[in-house]
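Enquirer: Structure file work.cif, mmCIF, N, CA and C atoms, is pasted below:
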```cif
data_entry
loop_
_atom_site.label_atom_id
_atom_site.label_comp_id
_atom_site.auth_asym_id
_atom_site.auth_seq_id
_atom_site.Cartn_x
_atom_site.Cartn_y
_atom_site.Cartn_z
N MET A 528 43.30 -13.65 42.90
CA MET A 528 42.00 -13.45 42.29
C MET A 528 40.90 -14.06 43.17
N ARG A 529 41.15 -15.25 43.63
CA ARG A 529 40.13 -15.92 44.44
C ARG A 529 39.87 -15.15 45.74
N ARG A 530 40.91 -14.65 46.38
CA ARG A 530 40.73 -13.88 47.61
C ARG A 530 39.87 -12.64 47.35
N PHE A 531 40.13 -11.99 46.24
CA PHE A 531 39.35 -10.80 45.91
C PHE A 531 37.88 -11.15 45.73
N MET A 532 37.60 -12.24 45.03
CA MET A 532 36.21 -12.63 44.80
C MET A 532 35.51 -12.95 46.12
N LEU A 533 36.22 -13.63 47.04
CA LEU A 533 35.63 -13.93 48.33
C LEU A 533 35.35 -12.66 49.10
N PHE A 534 36.26 -11.71 49.04
CA PHE A 534 36.07 -10.43 49.71
C PHE A 534 34.84 -9.71 49.16
N VAL A 535 34.71 -9.68 47.85
CA VAL A 535 33.57 -9.00 47.22
C VAL A 535 32.28 -9.70 47.58
N GLN A 536 32.29 -11.01 47.59
CA GLN A 536 31.07 -11.74 47.91
C GLN A 536 30.63 -11.52 49.36
N ASN A 537 31.60 -11.36 50.26
CA ASN A 537 31.27 -11.20 51.67
C ASN A 537 31.06 -9.75 52.08
N THR A 538 31.24 -8.83 51.18
CA THR A 538 31.10 -7.42 51.50
C THR A 538 29.74 -6.94 51.03
N SER A 539 29.02 -6.29 51.91
CA SER A 539 27.74 -5.73 51.48
C SER A 539 27.89 -4.22 51.36
N MET A 540 27.18 -3.68 50.38
CA MET A 540 27.24 -2.24 50.15
C MET A 540 26.22 -1.56 51.06
N PRO A 541 26.52 -0.37 51.53
CA PRO A 541 25.53 0.38 52.31
C PRO A 541 24.28 0.63 51.46
N SER A 542 23.15 0.73 52.11
CA SER A 542 21.89 0.88 51.38
C SER A 542 21.87 2.12 50.48
N ALA A 543 22.64 3.14 50.80
CA ALA A 543 22.69 4.35 49.97
C ALA A 543 23.30 4.06 48.61
N PHE A 544 24.07 2.98 48.49
CA PHE A 544 24.74 2.66 47.24
C PHE A 544 24.06 1.54 46.46
N THR A 545 23.10 0.89 47.05
CA THR A 545 22.42 -0.17 46.32
C THR A 545 21.37 0.44 45.41
N PRO A 546 21.28 -0.06 44.19
CA PRO A 546 20.31 0.52 43.25
C PRO A 546 18.88 0.27 43.70
N SER A 547 18.09 1.27 43.58
CA SER A 547 16.68 1.17 43.91
C SER A 547 15.96 0.45 42.79
N SER A 548 14.96 -0.35 43.14
CA SER A 548 14.22 -1.07 42.10
C SER A 548 13.47 -0.10 41.18
N SER A 549 13.15 1.09 41.68
CA SER A 549 12.46 2.06 40.83
C SER A 549 13.39 2.69 39.80
N LEU A 550 14.72 2.60 40.04
CA LEU A 550 15.67 3.18 39.10
C LEU A 550 16.08 2.20 38.01
N GLN A 551 15.85 0.92 38.23
CA GLN A 551 16.21 -0.07 37.24
C GLN A 551 15.15 -0.13 36.16
N PRO A 552 15.58 -0.38 34.90
CA PRO A 552 14.60 -0.45 33.81
C PRO A 552 13.61 -1.58 34.04
N GLN A 553 12.36 -1.29 33.81
CA GLN A 553 11.30 -2.27 33.96
C GLN A 553 10.93 -2.81 32.59
N SER A 554 11.72 -3.72 32.08
CA SER A 554 11.43 -4.25 30.75
C SER A 554 10.47 -5.43 30.86
N GLN A 555 9.63 -5.54 29.88
CA GLN A 555 8.68 -6.64 29.80
C GLN A 555 9.43 -7.92 29.44
N PRO A 556 8.96 -9.06 29.90
CA PRO A 556 9.60 -10.30 29.48
C PRO A 556 9.42 -10.46 27.96
N GLN A 557 10.51 -10.76 27.29
CA GLN A 557 10.48 -10.89 25.83
C GLN A 557 10.03 -12.29 25.45
N PRO A 558 9.25 -12.40 24.36
CA PRO A 558 8.87 -13.74 23.90
C PRO A 558 10.11 -14.51 23.45
N GLU A 559 10.03 -15.81 23.56
CA GLU A 559 11.17 -16.64 23.12
C GLU A 559 11.20 -16.64 21.59
N ARG A 560 12.34 -16.27 21.05
CA ARG A 560 12.50 -16.17 19.61
C ARG A 560 13.79 -16.87 19.19
N PRO A 561 13.88 -17.27 17.91
CA PRO A 561 15.15 -17.78 17.41
C PRO A 561 16.21 -16.69 17.49
N ASP A 562 17.47 -17.06 17.37
CA ASP A 562 18.56 -16.08 17.42
C ASP A 562 18.44 -15.04 16.33
N THR A 563 17.90 -15.42 15.20
CA THR A 563 17.79 -14.51 14.06
C THR A 563 16.56 -14.88 13.24
N PRO A 564 15.94 -13.92 12.57
CA PRO A 564 14.81 -14.25 11.69
C PRO A 564 15.25 -14.82 10.34
N CYS A 565 16.54 -14.92 10.11
CA CYS A 565 17.05 -15.39 8.82
C CYS A 565 16.52 -16.79 8.51
N VAL A 566 16.06 -16.98 7.27
CA VAL A 566 15.59 -18.29 6.81
C VAL A 566 16.44 -18.79 5.65
N ALA A 567 17.60 -18.17 5.44
CA ALA A 567 18.56 -18.57 4.40
C ALA A 567 17.97 -18.47 2.99
N VAL A 568 17.07 -17.51 2.81
CA VAL A 568 16.52 -17.19 1.50
C VAL A 568 16.79 -15.71 1.29
N CYS A 569 18.05 -15.35 1.19
CA CYS A 569 18.45 -13.95 1.16
C CYS A 569 18.30 -13.38 -0.24
N SER A 570 17.50 -12.34 -0.34
CA SER A 570 17.32 -11.67 -1.63
C SER A 570 16.86 -10.24 -1.40
N THR A 571 17.63 -9.31 -1.89
CA THR A 571 17.25 -7.90 -1.86
C THR A 571 17.31 -7.34 -3.27
N THR A 572 16.82 -8.11 -4.22
CA THR A 572 16.93 -7.77 -5.64
C THR A 572 16.29 -6.45 -6.01
N PHE A 573 15.08 -6.18 -5.53
CA PHE A 573 14.34 -5.01 -5.99
C PHE A 573 14.38 -3.81 -5.04
N ASP A 574 14.73 -4.05 -3.82
CA ASP A 574 14.84 -2.95 -2.84
C ASP A 574 15.77 -3.40 -1.73
N ASP A 575 15.78 -2.69 -0.62
CA ASP A 575 16.68 -3.01 0.49
C ASP A 575 16.05 -3.89 1.55
N VAL A 576 15.00 -4.63 1.20
CA VAL A 576 14.33 -5.51 2.16
C VAL A 576 14.51 -6.95 1.71
N CYS A 577 14.98 -7.79 2.61
CA CYS A 577 15.19 -9.20 2.30
C CYS A 577 13.84 -9.88 2.09
N ARG A 578 13.73 -10.64 1.04
CA ARG A 578 12.48 -11.35 0.72
C ARG A 578 12.26 -12.55 1.64
N GLY A 579 13.30 -13.02 2.30
CA GLY A 579 13.17 -14.17 3.20
C GLY A 579 12.76 -13.78 4.60
N CYS A 580 13.49 -12.84 5.20
CA CYS A 580 13.24 -12.51 6.61
C CYS A 580 12.53 -11.18 6.81
N GLY A 581 12.55 -10.30 5.82
CA GLY A 581 11.86 -9.02 5.94
C GLY A 581 12.67 -7.91 6.55
N ARG A 582 13.93 -8.19 6.92
CA ARG A 582 14.76 -7.14 7.49
C ARG A 582 15.38 -6.30 6.39
N THR A 583 15.68 -5.06 6.73
CA THR A 583 16.39 -4.21 5.77
C THR A 583 17.86 -4.62 5.75
N VAL A 584 18.57 -4.16 4.73
CA VAL A 584 19.99 -4.45 4.63
C VAL A 584 20.72 -3.95 5.89
N ASP A 585 20.36 -2.77 6.37
CA ASP A 585 20.99 -2.21 7.58
C ASP A 585 20.67 -3.06 8.81
N GLU A 586 19.43 -3.54 8.92
CA GLU A 586 19.07 -4.38 10.06
C GLU A 586 19.84 -5.70 10.04
N VAL A 587 20.01 -6.27 8.88
CA VAL A 587 20.78 -7.51 8.76
C VAL A 587 22.22 -7.26 9.19
N ALA A 588 22.81 -6.17 8.72
CA ALA A 588 24.20 -5.85 9.03
C ALA A 588 24.40 -5.53 10.51
N GLN A 589 23.41 -4.91 11.15
CA GLN A 589 23.55 -4.48 12.54
C GLN A 589 22.99 -5.49 13.55
N TRP A 590 22.39 -6.57 13.09
CA TRP A 590 21.69 -7.51 13.97
C TRP A 590 22.54 -7.97 15.15
N VAL A 591 23.79 -8.34 14.91
CA VAL A 591 24.64 -8.85 15.98
C VAL A 591 25.01 -7.77 17.00
N PHE A 592 24.85 -6.51 16.64
CA PHE A 592 25.19 -5.41 17.55
C PHE A 592 23.97 -4.87 18.28
N MET A 593 22.77 -5.30 17.90
CA MET A 593 21.53 -4.81 18.53
C MET A 593 21.33 -5.46 19.88
N ASP A 594 20.72 -4.70 20.80
CA ASP A 594 20.36 -5.29 22.08
C ASP A 594 18.99 -5.98 21.94
N VAL A 595 18.55 -6.62 22.99
CA VAL A 595 17.32 -7.41 22.96
C VAL A 595 16.11 -6.55 22.58
N ASP A 596 16.02 -5.35 23.13
CA ASP A 596 14.87 -4.49 22.84
C ASP A 596 14.86 -4.03 21.39
N GLN A 597 16.03 -3.71 20.84
CA GLN A 597 16.10 -3.31 19.43
C GLN A 597 15.71 -4.46 18.52
N ARG A 598 16.15 -5.65 18.84
CA ARG A 598 15.78 -6.83 18.04
C ARG A 598 14.28 -7.08 18.11
N GLU A 599 13.71 -6.89 19.29
CA GLU A 599 12.27 -7.13 19.45
C GLU A 599 11.45 -6.16 18.59
N VAL A 600 11.89 -4.93 18.47
CA VAL A 600 11.20 -3.96 17.60
C VAL A 600 11.20 -4.48 16.15
N VAL A 601 12.34 -4.97 15.71
CA VAL A 601 12.43 -5.52 14.35
C VAL A 601 11.56 -6.76 14.23
N TRP A 602 11.62 -7.66 15.20
CA TRP A 602 10.79 -8.86 15.17
C TRP A 602 9.31 -8.51 15.04
N GLN A 603 8.85 -7.57 15.85
CA GLN A 603 7.43 -7.23 15.80
C GLN A 603 7.02 -6.66 14.45
N ARG A 604 7.88 -5.83 13.86
CA ARG A 604 7.57 -5.26 12.55
C ARG A 604 7.52 -6.34 11.47
N ILE A 605 8.53 -7.21 11.44
CA ILE A 605 8.56 -8.21 10.37
C ILE A 605 7.45 -9.24 10.53
N LEU A 606 7.11 -9.60 11.77
CA LEU A 606 5.99 -10.53 11.97
C LEU A 606 4.67 -9.91 11.53
N ALA A 607 4.49 -8.62 11.81
CA ALA A 607 3.26 -7.92 11.39
C ALA A 607 3.16 -7.85 9.87
N GLN A 608 4.31 -7.86 9.19
CA GLN A 608 4.33 -7.80 7.73
C GLN A 608 4.32 -9.18 7.08
N GLY A 609 4.20 -10.23 7.87
CA GLY A 609 4.12 -11.59 7.32
C GLY A 609 5.45 -12.28 7.11
N TYR A 610 6.49 -11.77 7.70
CA TYR A 610 7.80 -12.41 7.62
C TYR A 610 8.07 -13.10 8.96
N PRO A 611 9.09 -13.91 9.07
CA PRO A 611 9.90 -14.47 8.01
C PRO A 611 9.10 -15.49 7.20
N ARG A 612 9.41 -15.59 5.94
CA ARG A 612 8.71 -16.50 5.02
C ARG A 612 9.53 -17.75 4.82
N ARG A 613 8.97 -18.83 5.29
CA ARG A 613 9.63 -20.13 5.13
C ARG A 613 8.86 -20.95 4.11
N ASN A 614 9.59 -21.68 3.32
CA ASN A 614 8.95 -22.55 2.32
C ASN A 614 8.84 -23.96 2.90
N TYR A 615 7.64 -24.33 3.33
CA TYR A 615 7.42 -25.67 3.90
C TYR A 615 6.77 -26.55 2.87
#
```
Kindly present the structure from the file in structure tokens form.
Expert:
Amino acid sequence: MRRFMLFVQNTSMPSAFTPSSSLQPQSQPQPERPDTPCVAVCSTTFDDVCRGCGRTVDEVAQWVFMDVDQREVVWQRILAQGYPRRNY
């Protein structure tokens, strides 16, 4: 294994095979956020939206499978709606 890693590290790919910077996704730097908007006040009594964090039941269930960009879309929506609601 170690020999293979050394070989890979010392081998350079021809320029035709290196990814162009124009082909790579140009994502904006994401703001620093907690791992989850959950505030441990889970309640979906009247509809499918949590009263604590503002996520839908589906968003809560899929959160761990979402990529950074998908999570950011949810974060922006819930923040615009005044969530997450913490009791200080």
Enquirer: Enclose region 567-584 of chain A, meaning all of its atoms listed in the file, in a box aligned along x, y and z, pad it by 5 Å on each side, and list the centre and edge lengths in Å to one decimal, as lines of an AutoDock Vina configuration file.
Expert:
```
center_x = 16.3
center_y = -10.6
center_z = 0.7
size_x = 18.9
size_y = 25.9
size_z = 23.5
```
Enquirer: I'd like the contact shell of Val566 (chain A) - 6.5 Å cut-off, all atoms listed in the file, skipping same-chain residues fewer than 5 positions apart - returned as a list in words.
Expert: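 Residues near the query, excluding close chain neighbours: Gly579, Cys580, Arg612 and Arg613 of chain A.
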Enquirer: Would you compute the distance between CA of Pro611 (chain A) and CA of Val584 (chain A)? Give it in Å to one decimal.
Expert: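 Distance between the two atoms: 14.6 Å.
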Enquirer: In Å, how far is it from CA of Gln557 (chain A) to atom N of Val576 (chain A)?
Expert: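 So the answer is 25.8 Å.
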Enquirer: May I ask for the distance between atom C of Ala588 (chain A) and atom C of Pro556 (chain A), given in Å to one decimal place?
Expert: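 Computed distance, atom C of Ala588 (chain A) to atom C of Pro556 (chain A), equals 23.5 Å.
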Enquirer: Find, counting only C-alpha atoms, the residue in A:Ile605, A:Cys569, A:Cys577, A:Asp562 that gets nearest to Val591 (chain A).
Expert: A:Asp562
